[in-house]
Amino acid sequence: MKVKALSATAIKDFLQCRMKIVFRYDREKDSIRNDHAKIGTAVHKALEQFTLRMANKKSFPDPSDYEFAITCFMNAATEEGLENLDFYSDGRRIVTDFVDKYNPSEDLLAVEHKFRLETPDGIPITGSMDKVIRVNSDTIMIVDYKTARNAATPFELQGDIQLSMYDLAASMLWPQYPNRLLRLDFVRIAKNVNSLRSPDQRLLFRDLLKSVWKQINELDESDVTGRLNSLCGYCDYKSYCREYSKFVQNPDLPLQPLSEISDATFLEHWEEIANKKSILEARQRELKMIAHEKFMRGEAIIGNGKELASTQQSRTNYDIEQVVELIPKEDLLSVLSVNKSRLDRYSKDDLGLKNRLANIAQISYNQPVYKVRVVKGSLPVEEVEDEPTNEDESAA
Ligand code: SF4
């Protein structure tokens with residue numbers, strides 16, 4: 001199978017299901033996109049055109065700039081065929097918030113920069129960067145806009161294929177900047193999450209490109225079948241996919257495909273699962289108490305060729321004053337970390353220090369916690385919260 005160049009999307013498709021690659025590149029099927037994908041495209045276009053306009057003006061936005069950005073969004077959204085009116089007001093708010101935050105002092109190196117390059121290993125890569133900012137003489141920042149409702153965690157971004165692609169492409173496009181900061185700007189919720197790639201991570205990504213490129217080129221379309229996976233419900237090609245169609249039409253299928261349920265059924269299902277989960281967790285706590293008592297008495301729990309085994313994790317701590325004695329001063333920064341609660345207590349009465357610390361604070365986001373809540377003016381519904389998983393307990 002012939003693909004002209006590898007994009008981050010092609011790699012993700014390939015790793016998820018090879019049939020997607022066949023649909024996308026070989027049969028040139030039209031992807032069937034939902035309103036979530038369409039609002040993303042429309043917001044991207046509006047932000048791109050607004051940023052280009054402001055790059056020429058180099059000033060804070062005035063009312064005509066707001067109007068320009070919103071018009072760009074509306075035009076792009078109607079062109080995309082966005083159907084849900086709520087999405088239009090959502091998009092207008094996202095674009096307005098973006099204009100509110102616009103910083104004319106940004107040193108823009110590129111806006112919507114499309115690239116087509118060949119890696120040092122001879123692999124053609126392609127993509128587009130939303131914005132590239134020159135931070136200083138050594139550093140650039142590559143920004144990608146996201147319209148997701150939750151920010152990714154820095155841990156998740158470490159393995160993000162799109163950011164690795166930007167890092168590699170930027171290292172070839174602008175080699176004069178040895179430092180490349182990779183930023184996802186979650187414009188819907190006004191949150192930024194940053195990431196970096198080390199030389200080892202870049203080499204690993206180049207190896208991944210080589211492997212994927214070889215396998216795609218060796219792919220024989222007639223041998224490929226769909227690989228059902230948890231993201232099938234969101235696949236742009238599911239309407240063409242034989243495996244997906246067989247799966248959802250199976251009369252024995254106990255679960256309705258999640259992508260096709262209404263919001264009301266989704267919430268009902270959510271609460272049902274949350275309730276069952278807390279009942280099961282309470283039951284598991286009781287089982288653990290009994291197991292603990294038996295183990296403390298030296299008894300085992302054995303049956304049907306199986307037994308309950310227990311492991312205990314240890315945690316090692318060091319006294320900071322003793323560590324400081326042992327490590328050379330110049331290496332201390334690489335092994336010590338700042339304790340936020342203690343720092344807050346220390347700076348509590350020193351406003352100047354508090355402000356200076358606020359300026360250098362780095363904010364990151366954990367996994368979101370979801371909660372069903374009552375919508376104003378509707379019938380009261382009991383709140384059901386999705387508790388963050390206690391790894392300690394779930395591993396037991
Ligand atoms: S629906 Fe699932 S199996 Fe079918 S092409 Fe898409 S990802 Fe592959």
# chains A, B, ... in the order shown; residues from 1 in each chain; ligands from 1

call {"tool": "residues_around", "arguments": {"residues": "range 133-140 of chain A", "least_positions_apart": "2", "cutoff": "9 Å", "atoms": "only C-alpha atoms", "output": "ChimeraX atom specification"}}
result
/A:106-111,131,142-143,170,174,176-182

call {"tool": "write_last_selection", "arguments": {"atoms": "N, CA and C atoms", "output": "short mmCIF file (atom, residue, chain, number, x, y, z; two decimals), in the first residue's frame"}}
result
data_model
loop_
_atom_site.label_atom_id
_atom_site.label_comp_id
_atom_site.auth_asym_id
_atom_site.auth_seq_id
_atom_site.Cartn_x
_atom_site.Cartn_y
_atom_site.Cartn_z
N GLU A 106 3.91 38.28 21.91
CA GLU A 106 4.42 36.98 21.46
C GLU A 106 5.25 37.16 20.19
N ASP A 107 6.43 36.55 20.18
CA ASP A 107 7.31 36.65 19.01
C ASP A 107 6.98 35.45 18.09
N LEU A 108 6.09 35.67 17.14
CA LEU A 108 5.60 34.55 16.31
C LEU A 108 6.61 34.17 15.23
N LEU A 109 6.93 32.89 15.20
CA LEU A 109 7.84 32.40 14.16
C LEU A 109 7.03 31.83 13.00
N ALA A 110 5.88 31.26 13.31
CA ALA A 110 5.02 30.68 12.25
C ALA A 110 3.60 30.50 12.76
N VAL A 111 2.65 30.59 11.84
CA VAL A 111 1.24 30.32 12.17
C VAL A 111 0.73 29.32 11.14
N LYS A 131 0.87 27.01 15.85
CA LYS A 131 1.61 28.26 16.13
C LYS A 131 3.00 27.92 16.65
N ILE A 142 6.17 25.18 20.40
CA ILE A 142 5.23 24.75 19.36
C ILE A 142 3.88 24.53 20.04
N VAL A 143 2.88 25.28 19.57
CA VAL A 143 1.57 25.26 20.24
C VAL A 143 0.55 24.55 19.36
N ALA A 170 10.33 20.14 14.14
CA ALA A 170 10.92 21.44 14.52
C ALA A 170 12.44 21.35 14.63
N TRP A 174 13.98 24.23 12.43
CA TRP A 174 14.63 25.34 13.11
C TRP A 174 15.76 24.80 14.01
N GLN A 176 18.51 25.92 14.72
CA GLN A 176 19.21 26.94 15.52
C GLN A 176 18.65 27.08 16.93
N TYR A 177 17.45 26.47 17.18
CA TYR A 177 16.87 26.50 18.53
C TYR A 177 16.98 25.11 19.14
N PRO A 178 17.95 24.91 20.03
CA PRO A 178 18.14 23.56 20.58
C PRO A 178 17.01 23.13 21.53
N ASN A 179 16.28 24.11 22.10
CA ASN A 179 15.22 23.75 23.05
C ASN A 179 13.85 23.94 22.41
N ARG A 180 13.04 22.91 22.49
CA ARG A 180 11.69 22.98 21.90
C ARG A 180 10.67 22.60 22.95
N LEU A 181 9.87 23.60 23.33
CA LEU A 181 8.80 23.37 24.29
C LEU A 181 7.54 23.01 23.50
N LEU A 182 6.86 21.96 23.92
CA LEU A 182 5.67 21.50 23.19
C LEU A 182 4.45 21.81 24.06
#

call {"tool": "residues_around", "arguments": {"residues": "Leu6 in chain A", "least_positions_apart": "4", "cutoff": "9 Å", "atoms": "only C-alpha atoms", "output": "ChimeraX atom specification"}}
result
/A:10-11,123-127,209,212-213

call {"tool": "write_last_selection", "arguments": {"atoms": "C-alpha atoms", "output": "PDB file, in the first residue's frame"}}
result
ATOM      1  CA  ALA A  10      -1.696   8.018  10.155  1.00  0.00           C
ATOM      2  CA  ILE A  11       0.524   6.565  12.872  1.00  0.00           C
ATOM      3  CA  ILE A 123      11.060   8.619   6.239  1.00  0.00           C
ATOM      4  CA  PRO A 124       8.752  11.283   4.760  1.00  0.00           C
ATOM      5  CA  ILE A 125       6.689  13.024   7.439  1.00  0.00           C
ATOM      6  CA  THR A 126       3.951  15.592   7.157  1.00  0.00           C
ATOM      7  CA  GLY A 127       1.816  17.739   9.457  1.00  0.00           C
ATOM      8  CA  LEU A 209       8.472   5.976  12.350  1.00  0.00           C
ATOM      9  CA  VAL A 212       5.388   1.990  10.963  1.00  0.00           C
ATOM     10  CA  TRP A 213       6.559   3.239   7.545  1.00  0.00           C
TER      11      TRP A 213
END

call {"tool": "closest_residue", "arguments": {"among": "A:Pro63, A:Gly81, A:Gly226, A:Pro175", "to": "ligand 1", "atoms": "only C-alpha atoms and all ligand atoms"}}
result
A:Gly226

call {"tool": "residues_near_ligand", "arguments": {"ligand": "ligand 1", "cutoff": "9 Å", "atoms": "only C-alpha atoms and all ligand atoms", "output": "PyMOL selection string"}}
result
chain A and resi 13+16-23+225-245

call {"tool": "atom_distance", "arguments": {"atom1": "CA of His113 in chain A", "atom2": "CA of Leu52 in chain A"}}
result
11.5 Å

call {"tool": "residues_around", "arguments": {"residues": "Glu67 in chain A", "least_positions_apart": "5", "cutoff": "12 Å", "atoms": "only C-alpha atoms", "output": "PyMOL selection string"}}
result
chain A and resi 46+50+61-62+72-74+92+95-96+99

call {"tool": "write_last_selection", "arguments": {"atoms": "N, CA and C atoms", "output": "JSON list (two decimals), in the first residue's frame"}}
result
[["chain", "number", "residue", "atom", "x", "y", "z"],
["A", 46, "ALA", "N", -10.71, 29.72, 12.80],
["A", 46, "ALA", "CA", -10.91, 31.08, 13.32],
["A", 46, "ALA", "C", -9.67, 31.57, 14.07],
["A", 50, "PHE", "N", -7.41, 34.77, 12.98],
["A", 50, "PHE", "CA", -7.28, 35.87, 13.94],
["A", 50, "PHE", "C", -5.80, 36.11, 14.27],
["A", 61, "PRO", "N", -6.26, 43.45, 20.88],
["A", 61, "PRO", "CA", -7.45, 43.40, 20.02],
["A", 61, "PRO", "C", -8.43, 44.53, 20.32],
["A", 62, "ASP", "N", -9.06, 45.07, 19.28],
["A", 62, "ASP", "CA", -10.14, 46.05, 19.47],
["A", 62, "ASP", "C", -11.45, 45.39, 19.04],
["A", 72, "CYS", "N", -15.12, 34.71, 11.41],
["A", 72, "CYS", "CA", -14.32, 33.59, 10.85],
["A", 72, "CYS", "C", -14.86, 32.27, 11.37],
["A", 73, "PHE", "N", -15.17, 32.23, 12.69],
["A", 73, "PHE", "CA", -15.68, 30.98, 13.26],
["A", 73, "PHE", "C", -17.02, 30.61, 12.63],
["A", 74, "MET", "N", -17.94, 31.58, 12.56],
["A", 74, "MET", "CA", -19.28, 31.28, 12.04],
["A", 74, "MET", "C", -19.18, 30.77, 10.59],
["A", 92, "ARG", "N", -18.34, 30.31, 19.69],
["A", 92, "ARG", "CA", -18.19, 31.78, 19.81],
["A", 92, "ARG", "C", -17.55, 32.13, 21.15],
["A", 95, "VAL", "N", -13.79, 31.26, 21.03],
["A", 95, "VAL", "CA", -13.03, 32.22, 20.22],
["A", 95, "VAL", "C", -12.91, 33.56, 20.98],
["A", 96, "THR", "N", -14.01, 34.01, 21.61],
["A", 96, "THR", "CA", -13.97, 35.28, 22.35],
["A", 96, "THR", "C", -12.97, 35.20, 23.51],
["A", 99, "VAL", "N", -9.52, 35.54, 22.17],
["A", 99, "VAL", "CA", -9.18, 36.93, 21.81],
["A", 99, "VAL", "C", -8.89, 37.73, 23.09]]

call {"tool": "atom_distance", "arguments": {"atom1": "CA of Val132 in chain A", "atom2": "CA of Lys101 in chain A"}}
result
17.0 Å

call {"tool": "decode", "arguments": {"residues": "range 223-310 of chain A", "atoms": "C-alpha atoms", "output": "compact mmCIF listing (two decimals), in the first residue's frame"}}
result
# COMPACT_ATOMS: atom_id res chain seq x y z
CA ASP A 223 -5.28 -9.06 3.93
CA VAL A 224 -6.48 -6.29 6.21
CA THR A 225 -9.55 -6.65 8.41
CA GLY A 226 -10.90 -4.30 11.07
CA ARG A 227 -9.53 -4.75 14.57
CA LEU A 228 -12.39 -4.01 16.94
CA ASN A 229 -11.26 -1.79 19.80
CA SER A 230 -12.64 0.52 22.46
CA LEU A 231 -12.47 3.53 20.11
CA CYS A 232 -14.48 1.98 17.25
CA GLY A 233 -17.56 3.97 18.26
CA TYR A 234 -15.65 7.17 17.45
CA CYS A 235 -14.07 5.92 14.20
CA ASP A 236 -14.84 8.18 11.22
CA TYR A 237 -15.04 5.08 9.00
CA LYS A 238 -17.26 2.84 11.10
CA SER A 239 -20.15 3.19 8.62
CA TYR A 240 -17.98 1.41 5.99
CA CYS A 241 -16.48 -1.17 8.35
CA ARG A 242 -17.69 -4.77 8.01
CA GLU A 243 -16.38 -5.87 11.43
CA TYR A 244 -18.05 -2.96 13.23
CA SER A 245 -21.32 -3.54 11.40
CA LYS A 246 -21.29 -7.27 12.31
CA PHE A 247 -20.54 -6.40 15.93
CA VAL A 248 -23.35 -3.88 16.44
CA GLN A 249 -25.91 -5.99 14.55
CA ASN A 250 -25.23 -9.06 16.66
CA PRO A 251 -28.59 -9.83 18.39
CA ASP A 252 -26.74 -11.31 21.40
CA LEU A 253 -24.82 -8.10 22.01
CA PRO A 254 -25.54 -7.22 25.62
CA LEU A 255 -24.44 -3.60 25.40
CA GLN A 256 -25.63 -0.87 23.09
CA PRO A 257 -22.67 0.90 21.36
CA LEU A 258 -21.75 3.80 23.63
CA SER A 259 -21.35 6.27 20.77
CA GLU A 260 -24.99 5.81 19.81
CA ILE A 261 -26.76 6.29 23.12
CA SER A 262 -28.58 9.51 23.97
CA ASP A 263 -27.22 11.83 26.66
CA ALA A 264 -30.10 10.89 28.97
CA THR A 265 -29.32 7.15 28.65
CA PHE A 266 -25.63 7.94 29.08
CA LEU A 267 -26.33 9.69 32.43
CA GLU A 268 -28.63 6.86 33.55
CA HIS A 269 -25.95 4.30 32.68
CA TRP A 270 -23.30 6.43 34.42
CA GLU A 271 -25.27 6.56 37.68
CA GLU A 272 -26.09 2.86 37.53
CA ILE A 273 -22.40 1.97 37.10
CA ALA A 274 -21.34 4.47 39.82
CA ASN A 275 -23.85 2.96 42.26
CA LYS A 276 -22.81 -0.61 41.50
CA LYS A 277 -19.16 0.40 41.79
CA SER A 278 -19.60 1.81 45.31
CA ILE A 279 -21.55 -1.28 46.43
CA LEU A 280 -18.80 -3.53 45.07
CA GLU A 281 -16.07 -1.40 46.61
CA ALA A 282 -17.76 -1.59 50.01
CA ARG A 283 -17.98 -5.37 49.61
CA GLN A 284 -14.30 -5.52 48.65
CA ARG A 285 -13.39 -3.54 51.80
CA GLU A 286 -15.25 -6.12 53.93
CA LEU A 287 -13.45 -8.99 52.16
CA LYS A 288 -10.12 -7.27 52.76
CA MET A 289 -10.85 -6.84 56.47
CA ILE A 290 -11.61 -10.56 56.83
CA ALA A 291 -8.52 -11.51 54.80
CA HIS A 292 -6.38 -9.22 56.95
CA GLU A 293 -7.68 -10.76 60.18
CA LYS A 294 -7.09 -14.30 58.90
CA PHE A 295 -3.57 -13.46 57.72
CA MET A 296 -2.76 -11.85 61.07
CA ARG A 297 -3.84 -15.10 62.75
CA GLY A 298 -1.55 -17.01 60.38
CA GLU A 299 -4.44 -18.63 58.43
CA ALA A 300 -4.51 -19.01 54.63
CA ILE A 301 -7.48 -18.67 52.27
CA ILE A 302 -7.34 -21.57 49.81
CA GLY A 303 -9.88 -23.22 47.50
CA ASN A 304 -10.27 -24.80 44.03
CA GLY A 305 -6.52 -24.82 43.44
CA LYS A 306 -6.15 -21.10 44.19
CA GLU A 307 -5.05 -19.11 47.21
CA LEU A 308 -5.12 -15.49 48.26
CA ALA A 309 -1.58 -14.09 48.34
CA SER A 310 -0.54 -10.76 49.82
